[in-house]
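Asker: One structure coming up, written as structure tokens, with questions to follow.
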Amino acid sequence: MPALESTAPARPWRPQPVEPAAPVPSWQAMRRLILWDIDGTLVRCGDISLSVFDSALKAVVGRPPPRRIFMAGKTDPQIVAEYLDLLEIEPGSVDVAVVLGELGRALAAAADDIGHTGVVMPGIEAILTRIDTDPATVQTIVTGNIAPNAAVKLGALGLLRFFDLDTGAFGSDHADRRQLVGIAVARVAARFGRHFAPEEIWVVGDAPNDLVAARAAGARCLLVGTGRIPVADLAALGPDAVLPDLADTDALVELLAS
Ligand SMILES: [Mg+2]
């Protein structure tokens with residue numbers, strides 16, 4: 001059998017254009033890691049953040065909780081466990097992961113509503129932009145939200161572009177918020193080859209649990225009064241810094257670089 005010959009005309013070899021590599025931040029330049037909480041710190045999603053728990057529990061258990069619990073600073077699996085207890089569900093008879101799946105579905109369905117009624121806190125776009133363009137500082141998310149819901153909230157309010165969520169830590173990683181800072185630090189190290197020391201890390205949040213999580217990792221903590229807890233109460237907890245809001249970008253840049 002004769003060998004098949006290509007009938008395609010011979011194409012002269014030409015050098016292919018080479019795309020310039022995306023600039024990769026040099027780990028030597030990195031001095032600070034900023035770990036942002038979401039609700040009450042970067043954004044406020046209002047009643048939607050609360051009502052999705054009602055929807056998720058109703059879908060799995062058949063009824064919503066009799067009342068709302070205080071959620072600030074808690075992880076989603078922690079909140080679900082408290083609600084199941086409040087609903088007098090026998091421990092172990094309902095899988096928290098199944099409720100979290102429904103929670104994700106409920107929030108994804110509400111993404112447009114969050115985009116319309118949610119609020120980005122004062123100064124947040126400015127400070128995230130400053131850090132985004134600063135090679136000395138890495139920023140990511142540490143939140144009690146399950147990861148898909150963090151993406152929905154940040155995406156709906158136009159903040160997702162500032163974050164590589166693969167480096168963040170979420171309620172879906174651990175029910176105990178004290179574990180989350182370490183998880184984020186490990187993911188940042190895997191991404192950039194730079195393991196940040198505790199004194200190089202700032203946790204920024206609006207609740208006592210943000211401080212507890214920071215302290216568990218030895219990191220510093222800035223608490224901000226844009227959530228549900230008055231700034232005087234936050235100050236009384238003894239964080240490294242406390243501010244009524246994050247509107248003064250220059251002062252914030254200076255603080256976080258300190
Ligand atoms: Mg918060």
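In the structure tokens, chains take the letters A, B, ... in the order shown, each chain's residues start at 1, and ligands count up from 1 in the order shown.
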Residues contacting ligand 1 - anything with an atom at most 7 Å away, using only C-alpha atoms and all ligand atoms - can you give me those as an MDAnalysis selection string?
Answerer: chainID A and resid 37:41 72:73 205:207 227
Asker: Could those residues be written to a file, using C-alpha atoms, as an mmCIF file, in the first residue's frame?
Answerer:
```
data_model
loop_
_atom_site.group_PDB
_atom_site.id
_atom_site.type_symbol
_atom_site.label_atom_id
_atom_site.label_comp_id
_atom_site.auth_asym_id
_atom_site.auth_seq_id
_atom_site.Cartn_x
_atom_site.Cartn_y
_atom_site.Cartn_z
ATOM 1 C CA ASP A 37 -13.695 39.603 56.183
ATOM 2 C CA ILE A 38 -16.684 40.129 53.844
ATOM 3 C CA ASP A 39 -19.986 40.901 55.640
ATOM 4 C CA GLY A 40 -19.968 44.148 57.589
ATOM 5 C CA THR A 41 -16.390 44.860 56.487
ATOM 6 C CA ALA A 72 -21.687 38.305 62.968
ATOM 7 C CA GLY A 73 -18.278 36.633 62.855
ATOM 8 C CA GLY A 205 -13.081 42.475 60.250
ATOM 9 C CA ASP A 206 -16.131 43.844 62.034
ATOM 10 C CA ALA A 207 -16.762 41.272 64.774
ATOM 11 C CA GLY A 227 -20.957 46.050 60.818
#
```
Asker: Show me, as CSV, the residues of region 77-128 of chain A having an atom within 10 Å of region 158-162 of chain A, each with the closest atom pair and its distance in Å, using only C-alpha atoms.
Answerer:
```
residue,atom,partner,partner_atom,distance
A:Gly115,CA,A:Gly158,CA,8.4
A:Val120,CA,A:Leu159,CA,8.6
A:Ile124,CA,A:Leu159,CA,9.1
A:Glu125,CA,A:Leu159,CA,7.6
A:Leu128,CA,A:Phe162,CA,6.6
```
Asker: Neighbouring residues of region 172-174 of chain A were defined as those with any atom within 9 Å, considering only C-alpha atoms; residues of the same chain fewer than 2 positions away were excluded. Please report them as a list in words.
Answerer: Thr75, Asp76, Pro77, Ala97, Leu100, Gly144, Asn145, Ile146, Ala147, Pro148, Ala169, Phe170, Asp176, Arg177, Arg178, Gln179, Leu180 and Ile183 of chain A
Asker: Using only C-alpha atoms for the distances, tell me which of A:Val43, A:Ala156, A:Ala136, A:Ala217 is nearest to Leu256 (chain A).
Answerer: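 Looking only at the distances to Leu256 (chain A), the closest residue turns out to be A:Ala136.
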Asker: Please provide the set of residues having any atom within 12 Å of Glu82 (chain A), restricted to only C-alpha atoms, with same-chain residues fewer than 4 positions apart removed, written as a PyMOL selection string.
Answerer: chain A and resi 53+57+65+67-71+74-78+86-89+91+96+175
Asker: Take the selection from the previous step and output its residues with C-alpha atoms, as a tab-separated table (two decimals), in the first residue's frame.
Answerer:
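result.tsv, freshly written:
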```
chain	number	residue	atom	x	y	z
A	53	PHE	CA	-30.68	30.46	56.06
A	57	LEU	CA	-33.44	25.14	56.51
A	65	PRO	CA	-36.10	28.60	62.42
A	67	ARG	CA	-36.17	33.22	65.33
A	68	ARG	CA	-32.94	34.60	63.96
A	69	ILE	CA	-29.65	34.10	65.77
A	70	PHE	CA	-26.78	36.59	65.94
A	71	MET	CA	-24.52	35.73	63.01
A	74	LYS	CA	-19.67	33.10	62.78
A	75	THR	CA	-19.00	30.56	60.05
A	76	ASP	CA	-21.87	29.27	57.91
A	77	PRO	CA	-21.57	25.68	59.25
A	78	GLN	CA	-21.54	27.10	62.80
A	86	LEU	CA	-32.75	25.91	67.83
A	87	LEU	CA	-35.12	23.83	65.66
A	88	GLU	CA	-34.61	20.95	68.13
A	89	ILE	CA	-33.32	18.69	65.38
A	91	PRO	CA	-27.93	15.93	66.50
A	96	VAL	CA	-25.00	20.25	57.85
A	175	ALA	CA	-16.58	25.53	61.06
```
Asker: To one decimal in Å, tell me the separation between CA of Lys153 (chain A) and CA of Asp132 (chain A).
Answerer: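 Spanning CA of Lys153 (chain A) to CA of Asp132 (chain A) is a straight-line distance of 19.1 Å.
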Asker: Select, from A:Glu199, A:Asp95, A:Asp240, A:Asp210, the residue with the minimum atom-to-atom distance to Ala81 (chain A), counting only C-alpha atoms.
Answerer: A:Asp95
Asker: From the DSSP assignment of the backbone, select every residue of region 26-214 of chain A that is alpha helix (DSSP H), and format the answer as a ChimeraX atom specification.
Answerer: /A:48-61,76-86,96-109,111-117,124-132,147-156,180-192,208-214
Asker: Taking only C-alpha atoms into account, which of A:Ile201, A:Ala186, A:Ile79, A:Leu35 comes nearest Ala257 (chain A)?
Answerer: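 Comparing A:Ile201, A:Ala186, A:Ile79, A:Leu35 against Ala257 (chain A), the winner is A:Ile201.
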Asker: What's the separation between CA of His116 (chain A) and CA of Arg228 (chain A), in Å to one decimal place?
Answerer: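 That distance, rounded to one decimal, is 20.9 Å.
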Asker: Rounded to one decimal in Å, what is the spacing between CA of Thr137 (chain A) and CA of Leu255 (chain A)?
Answerer: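 CA of Thr137 (chain A) sits 12.5 Å away from CA of Leu255 (chain A).
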Asker: Run DSSP on the backbone and give me the residues of region 75-151 of chain A it puts in strand (DSSP E), as a PyMOL selection string.
Answerer: chain A and resi 119-120+137-141
Asker: When distances are computed from only C-alpha atoms, which of A:Leu84, A:Leu154, A:Ala235, A:Ala126 shows the smallest separation from Thr140 (chain A)?
Answerer: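 Of the candidates, the smallest distance to Thr140 (chain A) is held by A:Leu154.
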Asker: Nearest to Arg187 (chain A) among A:Val138, A:Met121, A:Leu234, A:Ala213, with distances taken over only C-alpha atoms: which residue is it?
Answerer: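 Ranking A:Val138, A:Met121, A:Leu234, A:Ala213 by distance to Arg187 (chain A), first place goes to A:Val138.
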Asker: Rank A:Val152, A:Val52, A:Ile131, A:Cys45 by their smallest atom-to-atom distance to Leu103 (chain A), using only C-alpha atoms, and report the top residue only.
Answerer: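 Comparing A:Val152, A:Val52, A:Ile131, A:Cys45 against Leu103 (chain A), the winner is A:Val52.
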